[in-house]
Protein chains: 2
Amino acid sequence: MKIGIAGGTCLLQVKPYGSIARMPKRTSPPSAHDVARLAGVSQAAVSRAFTAGASIAKDTKEKVLRAANSIGYRPNLHARSLIKGESGIAGTVIGSPRNAIFMAALGALSKGLSRAGKHLLVSSAEGYPTGDEHIKDLLNYRVDALLLMATSISSKLIEQCRHEGIPIISFNRGPRKANAFASVTSNDRVGARQIAAHLLQQGYRRLGFIAGDPESSVSRERESSFIAYLKSHGIPAPVRDIGYFRREGALQATRNLLSRKPRPDAIFCANDYMAFAAIEVARYEFGLKIGREIGIAGFDDIRESSWPSFDLTTYSLPIEAMIEKALSILLTEPSYKNSLHTIVDGEFRPRGSTRRSGD
Amino acid sequence: MKIGIAGGTCLLQVKPYGSIARMPKRTSPPSAHDVARLAGVSQAAVSRAFTAGASIAKDTKEKVLRAANSIGYRPNLHARSLIKGESGIAGTVIGSPRNAIFMAALGALSKGLSRAGKHLLVSSAEGYPTGDEHIKDLLNYRVDALLLMATSISSKLIEQCRHEGIPIISFNRGPRKANAFASVTSNDRVGARQIAAHLLQQGYRRLGFIAGDPESSVSRERESSFIAYLKSHGIPAPVRDIGYFRREGALQATRNLLSRKPRPDAIFCANDYMAFAAIEVARYEFGLKIGREIGIAGFDDIRESSWPSFDLTTYSLPIEAMIEKALSILLTEPSYKNSLHTIVDGEFRPRGSTRRSGD
DNA sequence: GTGAAAGCGCTAACAT
DNA sequence: ATGTTAGCGCTTTCAC
């Protein structure tokens with residue numbers, strides 16, 4: 001890989017150690033004092049001009065705003081946070097940024113918070129066993145709330161947050177200890193059950209399951225609920241392999257399952273992303289007609305699932321609704337913050353990948 | 001959609017207007033003073049204990065840290081920012097959070113910054129013509145740098161940032177005014193040229209192009225470079241339609257192009273995501289063999305492109321390298337900050353979607 | 001409605 | 001090596 005460099009004067013300059021190396025600061029940003037002086041009012045008046053609903057005369061306010069605008073003044077939110085004890089920032093730790101679901105959630109979250117005038121401080125904890133270090137970092141910024149996506153947190157930190165009144169919302173992962181903090185999850189049990197029911201109804205009988213990360217509550221819930229339904233209908237437990245929520249894992253797991261004798265006639269994958277791999281292995285490596293010769297179902301209903309290349313039967317993970325719920329907990333439901341487990345229903349989406357009667 | 005609610009005591013409580021509604025704050029977080037009192041030292045000593053390389057005796061430091069730990073003290077970074085004039089936060093505005101590329105970039109960015117002990121404040125400007133409002137928000141937090149992804153910024157704001165020494169790095173979008181700020185882009189011109197050359201070499205002659213957002217510099221660069229190559233080799237300009245970087249748009253654009261007489265024998269799409277739509281329309285709606293009967297190429301080399309369902313010829317957008325470059329500008333190259341245009345080369349990836357000799 | 005003054009939690013200069 | 005002091009930029013009493 002080549003890197004080309006075009007243009008640019010080059011001021012010689014030394015890097016200030018350990019900080020984001022900034023340009024030479026020609027001017028420090030204007031302060032409320034500067035504005036006050038310019039407008040001929042007190043610094044307190046400037047503050048009031050920028051505080052909605054503060055008691056200030058209309059023309060004083062205008063005068064201030066004009067002055068402020070002319071020198072590009074903008075209130076320093078760090079100073080405000082110091083006083084208010086509130087930062088206007090929500091912290092998010094994302095355990096698996098590769099997962100499209102969490103990234104989609106992040107986008108929705110940021111949008112929703114923006115609308116409410118709040119902001120999102122993001123930390124990626126990919127590859128860390130626990131989110132603790134990242135969470136601590138965020139706490140240093142006195143975040144008003146913590147959103148955990150695919151991230152675990154120690155009891156000590158939970159206790160500390162509760163003590164300081166910082167709500168924790170866990171996303172799509174039930175709390176380990178009941179009522180330790182709020183969580184918003186999709187209704188995976190219902191979804192897995194509907195998929196099981198649908199597969200049986202379509203006439204599939206030799207079922208397979210590809211697990212995600214066997215440690216994750218998400219994968220376990222989907223699996224146990226799937227199995228429970230089968231069992232209650234007198235169907236033998238599915239053959240099983242593990243895909244770790246990754247493509248490579250799912251490719252291999254599918255190969256393993258499809259090589260068995262007798263071959264399973266339908267495979268339920270713990271998420272859509274793995275189901276795509278299963279479909280491709282079945283179609284391109286085993287030459288099977290998806291639906292007719294092998295049923296494949298997933299979970300999440302991500303964008304690609306409805307594309308004709310996959311046409312995947314799945315259960316929609318209601319990410320928008322979940323985010324909305326999380327936002328409403330954050331913004332308007334202080335009473336529920338601590339010990340609420342919200343389960344949002346998705347929707348079953350039968351598609352061609354489990355249609356026996358044709359491809 | 002149903003929402004189920006499980007568990008939870010319910011303290012009656014009123015929402016503080018306009019703020020993230022927090023739990024009752026049982027305790028405000030401990031301050032350096034508290035620690036100082038507990039450890040029997042001055043508050044300054046506490047500060048020194050938490051400052052790497054400060055002049056403090058070893059056992060004083062230990063004493064302080066023990067005390068701090070026992071009451072869960074953590075330094076308030078807002079206060080620090082106030083003094084230092086540096087927040088340790090980089091601000092990012094993402095214009096199109098739906099675009100997988102930018103989300104991937106975000107993940108990498110957050111990871112890289114985390115390693116450097118920095119943080120990422122994220123704002124989504126989806127649907128806004130300019131990022132200005134969001135950028136202003138971020139500036140209120142005195143971000144140390146601004147990363148713009150698919151986001152435009154007014155000259156006024158550029159000027160203000162330069163004035164305050166805040167570097168702006170634009171991602172995969174060249175600066176409108178030369179040298180207005182730093183930018184990191186992929187080498188789209190080279191990529192588009194290689195694709196054009198490859199298509200000709202494979203024997204395709206009646207070419208088509210599907211543009212992204214015709215306003216975007218990315219789409220324009222890819223198109224103009226593609227056309228320039230064809231022209232210089234005596235091939236007529238491609239027929240053209242617009243997909244706006246969206247699936248629906250690309251589906252329709254492909255239908256339009258494939259309905260023409262004579263039908264183009266190859267289509268270059270301004271990105272992979274649109275190329276998937278093109279492939280699916282060609283394959284499932286027009287019954288064409290991809291590669292043999294219609295060549296399709298994209299740009300970006302996202303994850304799905306190498307999947308057998310698409311097997312898409314494309315040019316890799318070197319997102320990791322670009323992020324690395326952006327980080328190094330941010331963290332270690334103050335001298336280049338202002339007027340550097342870095343172009344990172346990707347790699348041409350010929351695949352089955354443009355192989356004439358077979359499917 | 002407005003200004004003066006106190007202080008949020010911290011760092012940095014200055015003493016000692 | 002440590003304590004004292006003066007702010008960083010703002011919000012919030014408290015007088016007027």
# chains A, B, ... in the order shown; residues from 1 in each chain; ligands from 1

$ closest_atom_pairs --of "chain D" --to "chain B" --cutoff "10 Å" --atoms "only C-alpha atoms (C1' of nucleotides)" --output "tab-separated table"
residue	atom	partner	partner_atom	distance
D:DA1	C1'	B:Ile56	CA	5.9
D:DT2	C1'	B:Ala45	CA	7.3
D:DG3	C1'	B:Ser42	CA	6.3
D:DT4	C1'	B:Ser42	CA	9.4
D:DG7	C1'	B:Ile83	CA	8.6
D:DC8	C1'	B:Ile83	CA	4.3
D:DG9	C1'	B:Leu82	CA	7.2
D:DC10	C1'	B:Leu82	CA	9.9

$ interface_residues --of "chain C" --to "chain A" --cutoff "12 Å" --atoms "only C-alpha atoms (C1' of nucleotides)" --output "number ranges by chain"
C: 1-5, 7-10

$ closest_residue --among "A:His78, A:Arg37, A:Lys61, A:Arg240" --to "chain B" --atoms "only C-alpha atoms"
A:His78

$ atom_distance --atom1 "atom CA of Arg355 of chain B" --atom2 "atom CA of Gly295 of chain B"
7.2 Å

$ closest_residue --among "B:Leu258, B:Leu139, B:Ala282, B:Ile323" --to "chain A" --atoms "only C-alpha atoms"
B:Leu139

$ residues_around --residues "Ser70 of chain B" --least-positions-apart "2" --cutoff "12 Å" --atoms "only C-alpha atoms (C1' of nucleotides)" --output "list of chain:residue names"
A:Lys156, A:Gln160, B:Pro30, B:Asp34, B:Val35, B:Leu38, B:Ala39, B:Lys63, B:Val64, B:Leu65, B:Arg66, B:Ala67, B:Ala68, B:Gly72, B:Tyr73, B:Arg74

$ select_by_dssp --residues "segment 249-285 of chain B" --states "alpha helix (DSSP H)" --output "PyMOL selection string"
chain B and resi 249-259+272-280

$ select_by_dssp --residues "segment 66-297 of chain A" --states "strand (DSSP E)" --output "number ranges by chain"
A: 89-94, 119-124, 145-149, 168-171, 182-186, 207-211, 239-242, 266-269, 295-297

$ atom_distance --atom1 "atom CA of Gly117 of chain B" --atom2 "atom CA of Ser87 of chain A"
19.4 Å

$ atom_distance --atom1 "atom CA of Val344 of chain B" --atom2 "atom CA of Arg98 of chain B"
23.2 Å

$ closest_residue --among "B:Gly191, B:Gly203, B:Gly165, B:Pro308" --to "Ser357 of chain B" --atoms "only C-alpha atoms"
B:Gly203
